[in-house]
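Printed here is data_38.cif (mmCIF, N, CA and C atoms):
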```
data_upload
loop_
_atom_site.label_atom_id
_atom_site.label_comp_id
_atom_site.auth_asym_id
_atom_site.auth_seq_id
_atom_site.Cartn_x
_atom_site.Cartn_y
_atom_site.Cartn_z
N MET A 703 46.06 -74.88 197.55
CA MET A 703 46.54 -73.56 197.80
C MET A 703 47.17 -73.01 196.52
N HIS A 704 46.83 -71.80 196.19
CA HIS A 704 47.31 -71.15 194.97
C HIS A 704 48.59 -70.37 195.28
N LYS A 705 49.60 -70.65 194.53
CA LYS A 705 50.89 -69.99 194.74
C LYS A 705 50.94 -68.71 193.89
N HIS A 706 51.33 -67.59 194.43
CA HIS A 706 51.37 -66.30 193.75
C HIS A 706 52.82 -65.96 193.40
N HIS A 707 53.05 -65.72 192.11
CA HIS A 707 54.40 -65.32 191.66
C HIS A 707 54.44 -63.82 191.49
N SER A 708 55.41 -63.22 192.05
CA SER A 708 55.59 -61.78 191.94
C SER A 708 56.38 -61.46 190.67
N LEU A 709 55.93 -60.46 189.94
CA LEU A 709 56.65 -60.05 188.73
C LEU A 709 57.96 -59.37 189.06
N SER A 710 58.11 -58.90 190.26
CA SER A 710 59.34 -58.21 190.62
C SER A 710 60.44 -59.17 191.03
N ARG A 711 60.10 -60.42 191.23
CA ARG A 711 61.11 -61.41 191.61
C ARG A 711 61.87 -61.85 190.37
N PRO A 712 63.19 -61.76 190.35
CA PRO A 712 63.96 -62.13 189.17
C PRO A 712 63.91 -63.63 188.89
N ILE A 713 63.93 -63.95 187.62
CA ILE A 713 63.99 -65.33 187.18
C ILE A 713 65.43 -65.77 187.31
N PRO A 714 65.69 -66.95 187.89
CA PRO A 714 67.08 -67.40 188.05
C PRO A 714 67.82 -67.42 186.71
N GLY A 715 68.98 -66.86 186.69
CA GLY A 715 69.82 -66.86 185.49
C GLY A 715 69.52 -65.73 184.53
N ALA A 716 68.41 -65.01 184.72
CA ALA A 716 68.03 -63.94 183.79
C ALA A 716 69.05 -62.81 183.80
N ARG A 717 69.56 -62.49 184.97
CA ARG A 717 70.56 -61.41 185.05
C ARG A 717 71.82 -61.78 184.29
N ILE A 718 72.22 -63.02 184.39
CA ILE A 718 73.42 -63.47 183.68
C ILE A 718 73.19 -63.42 182.17
N LEU A 719 72.02 -63.88 181.71
CA LEU A 719 71.72 -63.84 180.28
C LEU A 719 71.65 -62.40 179.77
N LEU A 720 71.02 -61.53 180.55
CA LEU A 720 70.92 -60.13 180.15
C LEU A 720 72.30 -59.49 180.08
N ALA A 721 73.14 -59.74 181.06
CA ALA A 721 74.50 -59.19 181.06
C ALA A 721 75.30 -59.70 179.87
N ALA A 722 75.16 -60.98 179.55
CA ALA A 722 75.87 -61.56 178.41
C ALA A 722 75.38 -60.95 177.11
N ALA A 723 74.07 -60.75 176.98
CA ALA A 723 73.52 -60.15 175.76
C ALA A 723 74.00 -58.72 175.59
N LEU A 724 74.03 -57.95 176.65
CA LEU A 724 74.51 -56.56 176.57
C LEU A 724 76.00 -56.50 176.22
N LEU A 725 76.78 -57.38 176.79
CA LEU A 725 78.21 -57.43 176.49
C LEU A 725 78.44 -57.79 175.03
N PHE A 726 77.68 -58.77 174.54
CA PHE A 726 77.80 -59.19 173.14
C PHE A 726 77.44 -58.04 172.21
N ALA A 727 76.34 -57.35 172.50
CA ALA A 727 75.90 -56.23 171.66
C ALA A 727 76.92 -55.10 171.66
N ALA A 728 77.57 -54.87 172.79
CA ALA A 728 78.56 -53.79 172.88
C ALA A 728 79.84 -54.13 172.13
N THR A 729 80.19 -55.42 172.05
CA THR A 729 81.45 -55.78 171.41
C THR A 729 81.29 -56.06 169.91
N VAL A 730 80.09 -56.40 169.48
CA VAL A 730 79.87 -56.69 168.06
C VAL A 730 79.38 -55.40 167.39
N GLN A 731 80.20 -54.86 166.54
CA GLN A 731 79.84 -53.68 165.78
C GLN A 731 79.98 -54.04 164.32
N ALA A 732 79.16 -53.42 163.52
CA ALA A 732 79.26 -53.66 162.09
C ALA A 732 80.61 -53.18 161.59
N ALA A 733 81.20 -53.96 160.71
CA ALA A 733 82.47 -53.54 160.10
C ALA A 733 82.20 -52.31 159.24
N PRO A 734 83.15 -51.42 159.12
CA PRO A 734 82.95 -50.23 158.30
C PRO A 734 82.63 -50.61 156.85
N LEU A 735 81.72 -49.85 156.25
CA LEU A 735 81.32 -50.09 154.87
C LEU A 735 81.08 -48.74 154.21
N LEU A 736 81.73 -48.52 153.08
CA LEU A 736 81.56 -47.30 152.31
C LEU A 736 80.45 -47.54 151.29
N ARG A 737 79.48 -46.63 151.27
CA ARG A 737 78.39 -46.72 150.28
C ARG A 737 78.43 -45.46 149.43
N CYS A 738 78.55 -45.65 148.12
CA CYS A 738 78.58 -44.53 147.19
C CYS A 738 77.40 -44.63 146.23
N GLN A 739 76.70 -43.53 146.07
CA GLN A 739 75.64 -43.45 145.08
C GLN A 739 76.23 -42.75 143.86
N VAL A 740 76.21 -43.46 142.74
CA VAL A 740 76.78 -42.95 141.49
C VAL A 740 75.66 -42.83 140.47
N SER A 741 75.50 -41.63 139.90
CA SER A 741 74.43 -41.38 138.92
C SER A 741 75.02 -40.95 137.59
N TYR A 742 74.49 -41.55 136.54
CA TYR A 742 74.88 -41.18 135.18
C TYR A 742 73.73 -41.52 134.25
N SER A 743 73.40 -40.61 133.38
CA SER A 743 72.41 -40.83 132.33
C SER A 743 71.06 -41.30 132.90
N GLY A 744 70.65 -40.70 134.01
CA GLY A 744 69.35 -41.02 134.59
C GLY A 744 69.30 -42.28 135.44
N GLU A 745 70.42 -42.96 135.60
CA GLU A 745 70.46 -44.19 136.41
C GLU A 745 71.37 -43.97 137.61
N THR A 746 70.89 -44.39 138.79
CA THR A 746 71.68 -44.30 140.02
C THR A 746 71.96 -45.69 140.54
N ARG A 747 73.22 -45.94 140.84
CA ARG A 747 73.65 -47.22 141.41
C ARG A 747 74.29 -46.96 142.76
N THR A 748 74.13 -47.92 143.67
CA THR A 748 74.82 -47.85 144.94
C THR A 748 75.96 -48.86 144.91
N LEU A 749 77.16 -48.38 145.08
CA LEU A 749 78.35 -49.23 145.10
C LEU A 749 78.86 -49.29 146.53
N GLU A 750 79.23 -50.47 146.99
CA GLU A 750 79.72 -50.65 148.35
C GLU A 750 81.17 -51.12 148.33
N ALA A 751 81.92 -50.63 149.30
CA ALA A 751 83.33 -51.01 149.43
C ALA A 751 83.64 -51.29 150.89
N ALA A 752 84.12 -52.49 151.16
CA ALA A 752 84.55 -52.89 152.50
C ALA A 752 86.06 -52.70 152.59
N PRO A 753 86.57 -52.62 153.79
CA PRO A 753 88.03 -52.45 153.94
C PRO A 753 88.82 -53.63 153.35
N VAL A 754 89.93 -53.29 152.71
CA VAL A 754 90.87 -54.26 152.16
C VAL A 754 92.28 -53.85 152.57
N SER A 755 93.22 -54.77 152.42
CA SER A 755 94.61 -54.44 152.74
C SER A 755 95.42 -54.09 151.49
N ASP A 756 94.95 -54.53 150.32
CA ASP A 756 95.66 -54.31 149.06
C ASP A 756 94.84 -53.43 148.12
N PRO A 757 95.25 -52.18 147.89
CA PRO A 757 94.46 -51.30 147.02
C PRO A 757 94.37 -51.79 145.58
N TYR A 758 95.34 -52.57 145.15
CA TYR A 758 95.36 -53.04 143.76
C TYR A 758 94.40 -54.19 143.51
N SER A 759 93.83 -54.74 144.58
CA SER A 759 92.86 -55.82 144.41
C SER A 759 91.46 -55.32 144.10
N VAL A 760 91.24 -54.01 144.20
CA VAL A 760 89.91 -53.43 143.99
C VAL A 760 89.73 -53.10 142.50
N GLU A 761 88.63 -53.58 141.95
CA GLU A 761 88.30 -53.34 140.53
C GLU A 761 87.43 -52.09 140.41
N ALA A 762 87.61 -51.36 139.33
CA ALA A 762 86.75 -50.22 139.03
C ALA A 762 85.46 -50.73 138.41
N SER A 763 84.34 -50.05 138.72
CA SER A 763 83.02 -50.42 138.18
C SER A 763 82.73 -49.60 136.93
N ASP A 764 82.21 -50.26 135.91
CA ASP A 764 81.81 -49.58 134.69
C ASP A 764 80.52 -48.80 134.96
N ILE A 765 80.49 -47.55 134.54
CA ILE A 765 79.32 -46.71 134.69
C ILE A 765 78.87 -46.28 133.29
N GLY A 766 77.90 -46.98 132.77
CA GLY A 766 77.29 -46.62 131.49
C GLY A 766 78.22 -46.68 130.29
N GLY A 767 79.32 -47.42 130.37
CA GLY A 767 80.25 -47.51 129.25
C GLY A 767 81.05 -46.24 129.02
N ARG A 768 80.80 -45.21 129.82
CA ARG A 768 81.45 -43.91 129.62
C ARG A 768 82.46 -43.60 130.73
N PHE A 769 82.15 -44.02 131.95
CA PHE A 769 82.99 -43.74 133.11
C PHE A 769 83.33 -45.05 133.83
N ARG A 770 84.32 -44.96 134.71
CA ARG A 770 84.64 -46.05 135.64
C ARG A 770 84.83 -45.41 137.01
N PHE A 771 84.34 -46.09 138.05
CA PHE A 771 84.40 -45.55 139.42
C PHE A 771 85.01 -46.61 140.32
N LYS A 772 85.97 -46.19 141.13
CA LYS A 772 86.67 -47.12 142.02
C LYS A 772 86.76 -46.52 143.41
N ALA A 773 86.29 -47.27 144.40
CA ALA A 773 86.36 -46.85 145.80
C ALA A 773 87.27 -47.82 146.54
N VAL A 774 88.33 -47.30 147.13
CA VAL A 774 89.31 -48.13 147.85
C VAL A 774 89.29 -47.72 149.32
N VAL A 775 88.96 -48.68 150.18
CA VAL A 775 88.95 -48.47 151.63
C VAL A 775 90.06 -49.33 152.21
N ILE A 776 91.10 -48.71 152.71
CA ILE A 776 92.24 -49.45 153.25
C ILE A 776 92.11 -49.52 154.78
N GLY A 777 92.14 -50.74 155.28
CA GLY A 777 92.03 -50.96 156.71
C GLY A 777 91.55 -52.37 156.98
N ASP A 778 90.87 -52.55 158.11
CA ASP A 778 90.31 -53.86 158.46
C ASP A 778 88.95 -53.64 159.13
N GLY A 779 88.42 -54.67 159.76
CA GLY A 779 87.11 -54.59 160.37
C GLY A 779 87.01 -53.66 161.56
N ARG A 780 88.14 -53.22 162.10
CA ARG A 780 88.13 -52.36 163.28
C ARG A 780 88.47 -50.92 162.98
N ARG A 781 89.28 -50.68 161.96
CA ARG A 781 89.73 -49.32 161.69
C ARG A 781 89.92 -49.13 160.18
N ILE A 782 89.90 -47.87 159.79
CA ILE A 782 90.17 -47.51 158.40
C ILE A 782 91.37 -46.57 158.40
N ASP A 783 92.36 -46.89 157.59
CA ASP A 783 93.56 -46.05 157.48
C ASP A 783 93.32 -44.87 156.54
N TYR A 784 92.69 -45.14 155.39
CA TYR A 784 92.34 -44.08 154.45
C TYR A 784 91.35 -44.60 153.42
N ILE A 785 90.73 -43.67 152.71
CA ILE A 785 89.81 -43.98 151.62
C ILE A 785 90.27 -43.18 150.41
N LYS A 786 90.32 -43.84 149.27
CA LYS A 786 90.61 -43.15 148.02
C LYS A 786 89.51 -43.46 147.02
N LEU A 787 89.06 -42.42 146.32
CA LEU A 787 88.04 -42.56 145.29
C LEU A 787 88.62 -42.11 143.96
N TYR A 788 88.38 -42.91 142.93
CA TYR A 788 88.90 -42.61 141.60
C TYR A 788 87.74 -42.63 140.60
N THR A 789 87.72 -41.63 139.72
CA THR A 789 86.76 -41.62 138.62
C THR A 789 87.55 -41.49 137.33
N TYR A 790 87.25 -42.38 136.40
CA TYR A 790 87.96 -42.42 135.12
C TYR A 790 86.96 -42.14 134.00
N TYR A 791 87.45 -41.52 132.95
CA TYR A 791 86.71 -41.41 131.70
C TYR A 791 87.17 -42.57 130.83
N GLN A 792 86.21 -43.28 130.25
CA GLN A 792 86.55 -44.44 129.41
C GLN A 792 86.85 -43.94 127.99
N ALA A 793 88.13 -43.65 127.75
CA ALA A 793 88.56 -43.19 126.41
C ALA A 793 88.62 -44.39 125.48
N GLU A 794 88.84 -44.12 124.21
CA GLU A 794 88.86 -45.17 123.20
C GLU A 794 89.92 -46.23 123.49
N ARG A 795 91.10 -45.80 123.89
CA ARG A 795 92.21 -46.74 124.12
C ARG A 795 92.24 -47.31 125.53
N GLN A 796 92.03 -46.44 126.53
CA GLN A 796 92.13 -46.88 127.93
C GLN A 796 91.45 -45.86 128.83
N PRO A 797 91.15 -46.24 130.07
CA PRO A 797 90.56 -45.28 131.00
C PRO A 797 91.55 -44.16 131.33
N VAL A 798 91.04 -42.93 131.44
CA VAL A 798 91.85 -41.77 131.77
C VAL A 798 91.33 -41.21 133.10
N LEU A 799 92.23 -41.02 134.05
CA LEU A 799 91.85 -40.52 135.36
C LEU A 799 91.32 -39.09 135.26
N LEU A 800 90.07 -38.88 135.73
CA LEU A 800 89.47 -37.55 135.77
C LEU A 800 89.58 -36.92 137.15
N HIS A 801 89.44 -37.76 138.17
CA HIS A 801 89.32 -37.23 139.53
C HIS A 801 89.81 -38.27 140.54
N GLU A 802 90.57 -37.80 141.52
CA GLU A 802 91.01 -38.65 142.63
C GLU A 802 90.80 -37.86 143.91
N ALA A 803 90.23 -38.52 144.93
CA ALA A 803 90.02 -37.87 146.22
C ALA A 803 90.51 -38.81 147.32
N LYS A 804 91.13 -38.23 148.36
CA LYS A 804 91.64 -39.02 149.48
C LYS A 804 91.04 -38.48 150.77
N TYR A 805 90.58 -39.41 151.62
CA TYR A 805 89.98 -39.06 152.91
C TYR A 805 90.73 -39.79 154.01
N LEU A 806 91.06 -39.05 155.07
CA LEU A 806 91.81 -39.59 156.20
C LEU A 806 90.98 -39.51 157.48
N PRO A 807 91.23 -40.40 158.45
CA PRO A 807 90.51 -40.33 159.72
C PRO A 807 90.88 -39.06 160.47
N PRO A 808 90.07 -38.63 161.39
CA PRO A 808 88.86 -39.29 161.88
C PRO A 808 87.69 -39.06 160.92
N PHE A 809 86.83 -40.07 160.80
CA PHE A 809 85.66 -40.01 159.94
C PHE A 809 84.44 -39.74 160.81
N ALA A 810 83.62 -38.80 160.41
CA ALA A 810 82.41 -38.47 161.16
C ALA A 810 81.38 -39.58 160.99
N ALA A 811 80.69 -39.91 162.07
CA ALA A 811 79.59 -40.87 162.02
C ALA A 811 78.32 -40.09 161.70
N SER A 812 77.71 -40.39 160.57
CA SER A 812 76.52 -39.68 160.14
C SER A 812 75.70 -40.57 159.24
N GLY A 813 74.39 -40.43 159.30
CA GLY A 813 73.50 -41.22 158.46
C GLY A 813 73.19 -40.54 157.14
N ALA A 814 73.72 -39.34 156.91
CA ALA A 814 73.43 -38.62 155.67
C ALA A 814 74.04 -39.35 154.48
N PRO A 815 73.35 -39.36 153.34
CA PRO A 815 73.82 -40.17 152.19
C PRO A 815 75.17 -39.76 151.61
N TYR A 816 75.56 -38.50 151.72
CA TYR A 816 76.83 -38.04 151.16
C TYR A 816 77.73 -37.46 152.25
N ALA A 817 77.62 -37.97 153.46
CA ALA A 817 78.30 -37.38 154.62
C ALA A 817 79.81 -37.30 154.46
N LEU A 818 80.41 -38.27 153.82
CA LEU A 818 81.87 -38.26 153.67
C LEU A 818 82.34 -37.29 152.60
N THR A 819 81.70 -37.32 151.44
CA THR A 819 82.23 -36.62 150.26
C THR A 819 81.44 -35.40 149.82
N GLY A 820 80.21 -35.27 150.28
CA GLY A 820 79.33 -34.29 149.64
C GLY A 820 78.94 -34.84 148.28
N LEU A 821 78.20 -34.08 147.50
CA LEU A 821 77.81 -34.52 146.16
C LEU A 821 78.78 -33.91 145.15
N ASN A 822 79.40 -34.76 144.34
CA ASN A 822 80.41 -34.33 143.36
C ASN A 822 79.86 -34.46 141.94
N TYR A 823 80.26 -33.54 141.08
CA TYR A 823 79.85 -33.52 139.68
C TYR A 823 81.11 -33.58 138.81
N LEU A 824 81.15 -34.54 137.91
CA LEU A 824 82.29 -34.69 137.00
C LEU A 824 81.76 -34.73 135.56
N TYR A 825 82.60 -34.29 134.62
CA TYR A 825 82.16 -34.19 133.23
C TYR A 825 83.17 -34.86 132.30
N SER A 826 82.64 -35.58 131.32
CA SER A 826 83.51 -36.23 130.33
C SER A 826 84.14 -35.16 129.45
N PRO A 827 85.37 -35.39 128.99
CA PRO A 827 86.06 -34.36 128.20
C PRO A 827 85.51 -34.19 126.78
N ASP A 828 84.82 -35.20 126.25
CA ASP A 828 84.36 -35.07 124.86
C ASP A 828 83.02 -34.34 124.74
N LEU A 829 81.96 -34.83 125.31
CA LEU A 829 80.66 -34.21 125.16
C LEU A 829 80.14 -33.58 126.45
N GLY A 830 80.97 -33.54 127.47
CA GLY A 830 80.55 -32.94 128.73
C GLY A 830 79.47 -33.72 129.45
N ARG A 831 79.43 -35.02 129.28
CA ARG A 831 78.44 -35.85 129.97
C ARG A 831 78.73 -35.83 131.47
N GLU A 832 77.66 -35.76 132.25
CA GLU A 832 77.79 -35.56 133.70
C GLU A 832 77.63 -36.87 134.47
N LEU A 833 78.55 -37.07 135.41
CA LEU A 833 78.47 -38.14 136.39
C LEU A 833 78.41 -37.48 137.77
N GLN A 834 77.54 -37.97 138.63
CA GLN A 834 77.47 -37.47 140.00
C GLN A 834 77.77 -38.61 140.94
N TYR A 835 78.45 -38.31 142.04
CA TYR A 835 78.64 -39.33 143.07
C TYR A 835 78.73 -38.68 144.44
N GLY A 836 78.34 -39.44 145.43
CA GLY A 836 78.46 -39.04 146.81
C GLY A 836 78.56 -40.28 147.67
N CYS A 837 79.37 -40.24 148.72
CA CYS A 837 79.62 -41.43 149.54
C CYS A 837 79.44 -41.11 151.03
N ALA A 838 79.05 -42.15 151.76
CA ALA A 838 78.94 -42.10 153.21
C ALA A 838 79.57 -43.35 153.78
N LEU A 839 80.05 -43.26 154.97
CA LEU A 839 80.71 -44.37 155.65
C LEU A 839 79.83 -44.85 156.78
N ASP A 840 79.46 -46.11 156.74
CA ASP A 840 78.66 -46.73 157.81
C ASP A 840 79.55 -47.58 158.69
N GLY A 841 79.14 -47.73 159.94
CA GLY A 841 79.87 -48.60 160.86
C GLY A 841 81.09 -47.95 161.49
N VAL A 842 81.20 -46.64 161.41
CA VAL A 842 82.31 -45.92 162.01
C VAL A 842 81.81 -45.27 163.27
N HIS A 843 82.52 -45.50 164.36
CA HIS A 843 82.14 -44.93 165.65
C HIS A 843 83.29 -44.04 166.14
N PRO A 844 83.02 -42.73 166.25
CA PRO A 844 84.09 -41.81 166.66
C PRO A 844 84.57 -42.06 168.07
#
```

Any chance you could put this one into structure tokens?
Amino acid sequence: MHKHHSLSRPIPGARILLAAALLFAATVQAAPLLRCQVSYSGETRTLEAAPVSDPYSVEASDIGGRFRFKAVVIGDGRRIDYIKLYTYYQAERQPVLLHEAKYLPPFAASGAPYALTGLNYLYSPDLGRELQYGCALDGVHP
């Protein structure tokens, strides 16, 4: 005798596994991550910044030997308290602050590449060399 299995009959334990998988997916969210696209002299780099508790632990990135860019995200894996962006001109003696921007919550959730900051243009004081940057925040849920 041939036994017929109905597709509508649930497999034992399947409901429990499905419920556990949905619960896990709902509770695990990507930690917030700031992504900045920085362009100078025909080269574009993507710099990423995760939340930290100490703003002084974040190093500025060299951009073409002419600029330095620093993105500071203060918070933890669940929330962001604030974001500060710094752009420096690399003078002969030391870096000189050209631009500082501060962003406070609530942060919009958007997939656009410059959703947080828009596209910014900065110029060196000596020859007017142009640096562009724009940042977006991933992993933020309003």

Mind pulling up the distance from atom CA of Glu794 of chain A to atom CA of Ser741 of chain A?
->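 Here the two named atoms are 21.7 Å from each other.
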
Segment 763-769 of chain A: which residues within 9 Å, counting only C-alpha atoms, same-chain residues fewer than 6 positions away excluded, as a ChimeraX atom specification?
-> /A:740-743,745,747,749,789-793,797,826,831,833

One decimal place gives the atom CA of Pro807 of chain A-atom CA of Asn822 of chain A separation as 20.1 Å

Tell me which residues the PyMOL selection byres ((chain A and resi 762) around 6.5) grabs here, as an mmCIF file with N, CA and C atoms, in the frame of the given file.
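Dumped to part_23.cif:
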```
data_model
loop_
_atom_site.group_PDB
_atom_site.id
_atom_site.type_symbol
_atom_site.label_atom_id
_atom_site.label_comp_id
_atom_site.auth_asym_id
_atom_site.auth_seq_id
_atom_site.Cartn_x
_atom_site.Cartn_y
_atom_site.Cartn_z
ATOM 1 N N VAL A 760 91.240 -54.010 144.200
ATOM 2 C CA VAL A 760 89.910 -53.430 143.990
ATOM 3 C C VAL A 760 89.730 -53.100 142.500
ATOM 4 N N GLU A 761 88.630 -53.580 141.950
ATOM 5 C CA GLU A 761 88.300 -53.340 140.530
ATOM 6 C C GLU A 761 87.430 -52.090 140.410
ATOM 7 N N SER A 763 84.340 -50.050 138.720
ATOM 8 C CA SER A 763 83.020 -50.420 138.180
ATOM 9 C C SER A 763 82.730 -49.600 136.930
ATOM 10 N N ASP A 764 82.210 -50.260 135.910
ATOM 11 C CA ASP A 764 81.810 -49.580 134.690
ATOM 12 C C ASP A 764 80.520 -48.800 134.960
ATOM 13 N N ARG A 770 84.320 -44.960 134.710
ATOM 14 C CA ARG A 770 84.640 -46.050 135.640
ATOM 15 C C ARG A 770 84.830 -45.410 137.010
ATOM 16 N N PHE A 771 84.340 -46.090 138.050
ATOM 17 C CA PHE A 771 84.400 -45.550 139.420
ATOM 18 C C PHE A 771 85.010 -46.610 140.320
ATOM 19 N N LYS A 772 85.970 -46.190 141.130
ATOM 20 C CA LYS A 772 86.670 -47.120 142.020
ATOM 21 C C LYS A 772 86.760 -46.520 143.410
ATOM 22 N N ALA A 773 86.290 -47.270 144.400
ATOM 23 C CA ALA A 773 86.360 -46.850 145.800
ATOM 24 C C ALA A 773 87.270 -47.820 146.540
#
```

Determine which residues of segment 726-802 of chain A DSSP labels as strand (DSSP E or B) from the backbone of this structure, then write them out as a ChimeraX atom specification.
-> /A:735-742,745-751,754,763-765,769-777,782-792,797-802

Residues just named, written with N, CA and C atoms as a short mmCIF file (atom, residue, chain, number, x, y, z; two decimals), in the frame of the given file:
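To be explicit, this is the file written out as selection21.cif:
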```cif
data_model
loop_
_atom_site.label_atom_id
_atom_site.label_comp_id
_atom_site.auth_asym_id
_atom_site.auth_seq_id
_atom_site.Cartn_x
_atom_site.Cartn_y
_atom_site.Cartn_z
N LEU A 735 81.72 -49.85 156.25
CA LEU A 735 81.32 -50.09 154.87
C LEU A 735 81.08 -48.74 154.21
N LEU A 736 81.73 -48.52 153.08
CA LEU A 736 81.56 -47.30 152.31
C LEU A 736 80.45 -47.54 151.29
N ARG A 737 79.48 -46.63 151.27
CA ARG A 737 78.39 -46.72 150.28
C ARG A 737 78.43 -45.46 149.43
N CYS A 738 78.55 -45.65 148.12
CA CYS A 738 78.58 -44.53 147.19
C CYS A 738 77.40 -44.63 146.23
N GLN A 739 76.70 -43.53 146.07
CA GLN A 739 75.64 -43.45 145.08
C GLN A 739 76.23 -42.75 143.86
N VAL A 740 76.21 -43.46 142.74
CA VAL A 740 76.78 -42.95 141.49
C VAL A 740 75.66 -42.83 140.47
N SER A 741 75.50 -41.63 139.90
CA SER A 741 74.43 -41.38 138.92
C SER A 741 75.02 -40.95 137.59
N TYR A 742 74.49 -41.55 136.54
CA TYR A 742 74.88 -41.18 135.18
C TYR A 742 73.73 -41.52 134.25
N GLU A 745 70.42 -42.96 135.60
CA GLU A 745 70.46 -44.19 136.41
C GLU A 745 71.37 -43.97 137.61
N THR A 746 70.89 -44.39 138.79
CA THR A 746 71.68 -44.30 140.02
C THR A 746 71.96 -45.69 140.54
N ARG A 747 73.22 -45.94 140.84
CA ARG A 747 73.65 -47.22 141.41
C ARG A 747 74.29 -46.96 142.76
N THR A 748 74.13 -47.92 143.67
CA THR A 748 74.82 -47.85 144.94
C THR A 748 75.96 -48.86 144.91
N LEU A 749 77.16 -48.38 145.08
CA LEU A 749 78.35 -49.23 145.10
C LEU A 749 78.86 -49.29 146.53
N GLU A 750 79.23 -50.47 146.99
CA GLU A 750 79.72 -50.65 148.35
C GLU A 750 81.17 -51.12 148.33
N ALA A 751 81.92 -50.63 149.30
CA ALA A 751 83.33 -51.01 149.43
C ALA A 751 83.64 -51.29 150.89
N VAL A 754 89.93 -53.29 152.71
CA VAL A 754 90.87 -54.26 152.16
C VAL A 754 92.28 -53.85 152.57
N SER A 763 84.34 -50.05 138.72
CA SER A 763 83.02 -50.42 138.18
C SER A 763 82.73 -49.60 136.93
N ASP A 764 82.21 -50.26 135.91
CA ASP A 764 81.81 -49.58 134.69
C ASP A 764 80.52 -48.80 134.96
N ILE A 765 80.49 -47.55 134.54
CA ILE A 765 79.32 -46.71 134.69
C ILE A 765 78.87 -46.28 133.29
N PHE A 769 82.15 -44.02 131.95
CA PHE A 769 82.99 -43.74 133.11
C PHE A 769 83.33 -45.05 133.83
N ARG A 770 84.32 -44.96 134.71
CA ARG A 770 84.64 -46.05 135.64
C ARG A 770 84.83 -45.41 137.01
N PHE A 771 84.34 -46.09 138.05
CA PHE A 771 84.40 -45.55 139.42
C PHE A 771 85.01 -46.61 140.32
N LYS A 772 85.97 -46.19 141.13
CA LYS A 772 86.67 -47.12 142.02
C LYS A 772 86.76 -46.52 143.41
N ALA A 773 86.29 -47.27 144.40
CA ALA A 773 86.36 -46.85 145.80
C ALA A 773 87.27 -47.82 146.54
N VAL A 774 88.33 -47.30 147.13
CA VAL A 774 89.31 -48.13 147.85
C VAL A 774 89.29 -47.72 149.32
N VAL A 775 88.96 -48.68 150.18
CA VAL A 775 88.95 -48.47 151.63
C VAL A 775 90.06 -49.33 152.21
N ILE A 776 91.10 -48.71 152.71
CA ILE A 776 92.24 -49.45 153.25
C ILE A 776 92.11 -49.52 154.78
N GLY A 777 92.14 -50.74 155.28
CA GLY A 777 92.03 -50.96 156.71
C GLY A 777 91.55 -52.37 156.98
N ILE A 782 89.90 -47.87 159.79
CA ILE A 782 90.17 -47.51 158.40
C ILE A 782 91.37 -46.57 158.40
N ASP A 783 92.36 -46.89 157.59
CA ASP A 783 93.56 -46.05 157.48
C ASP A 783 93.32 -44.87 156.54
N TYR A 784 92.69 -45.14 155.39
CA TYR A 784 92.34 -44.08 154.45
C TYR A 784 91.35 -44.60 153.42
N ILE A 785 90.73 -43.67 152.71
CA ILE A 785 89.81 -43.98 151.62
C ILE A 785 90.27 -43.18 150.41
N LYS A 786 90.32 -43.84 149.27
CA LYS A 786 90.61 -43.15 148.02
C LYS A 786 89.51 -43.46 147.02
N LEU A 787 89.06 -42.42 146.32
CA LEU A 787 88.04 -42.56 145.29
C LEU A 787 88.62 -42.11 143.96
N TYR A 788 88.38 -42.91 142.93
CA TYR A 788 88.90 -42.61 141.60
C TYR A 788 87.74 -42.63 140.60
N THR A 789 87.72 -41.63 139.72
CA THR A 789 86.76 -41.62 138.62
C THR A 789 87.55 -41.49 137.33
N TYR A 790 87.25 -42.38 136.40
CA TYR A 790 87.96 -42.42 135.12
C TYR A 790 86.96 -42.14 134.00
N TYR A 791 87.45 -41.52 132.95
CA TYR A 791 86.71 -41.41 131.70
C TYR A 791 87.17 -42.57 130.83
N GLN A 792 86.21 -43.28 130.25
CA GLN A 792 86.55 -44.44 129.41
C GLN A 792 86.85 -43.94 127.99
N PRO A 797 91.15 -46.24 130.07
CA PRO A 797 90.56 -45.28 131.00
C PRO A 797 91.55 -44.16 131.33
N VAL A 798 91.04 -42.93 131.44
CA VAL A 798 91.85 -41.77 131.77
C VAL A 798 91.33 -41.21 133.10
N LEU A 799 92.23 -41.02 134.05
CA LEU A 799 91.85 -40.52 135.36
C LEU A 799 91.32 -39.09 135.26
N LEU A 800 90.07 -38.88 135.73
CA LEU A 800 89.47 -37.55 135.77
C LEU A 800 89.58 -36.92 137.15
N HIS A 801 89.44 -37.76 138.17
CA HIS A 801 89.32 -37.23 139.53
C HIS A 801 89.81 -38.27 140.54
N GLU A 802 90.57 -37.80 141.52
CA GLU A 802 91.01 -38.65 142.63
C GLU A 802 90.80 -37.86 143.91
#
```

Calculate how many Å separate atom CA of Leu799 of chain A from atom CA of Gly777 of chain A, rounding to one decimal.
-> 23.8 Å

Is there a way to get, as a PyMOL selection string, all residues within 12 Å of the point (89.3, -49.8, 151.0) in file coordinates, counting only C-alpha atoms?
-> chain A and resi 733-737+750-761+772-779+781-788+804-806+839

List the residues sitting within 6 Å of (85.0, -43.2, 158.6) in the file's frame, using only N, CA and C atoms, as a compact mmCIF listing (two decimals) with N, CA and C atoms, keeping the file's coordinate frame.
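This is the output file result08.txt:
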```txt
# COMPACT_ATOMS: atom_id res chain seq x y z
N PRO A 808 90.07 -38.63 161.39
CA PRO A 808 88.86 -39.29 161.88
C PRO A 808 87.69 -39.06 160.92
N PHE A 809 86.83 -40.07 160.80
CA PHE A 809 85.66 -40.01 159.94
C PHE A 809 84.44 -39.74 160.81
N ALA A 810 83.62 -38.80 160.41
CA ALA A 810 82.41 -38.47 161.16
C ALA A 810 81.38 -39.58 160.99
N LEU A 839 80.05 -43.26 154.97
CA LEU A 839 80.71 -44.37 155.65
C LEU A 839 79.83 -44.85 156.78
N VAL A 842 81.20 -46.64 161.41
CA VAL A 842 82.31 -45.92 162.01
C VAL A 842 81.81 -45.27 163.27
```
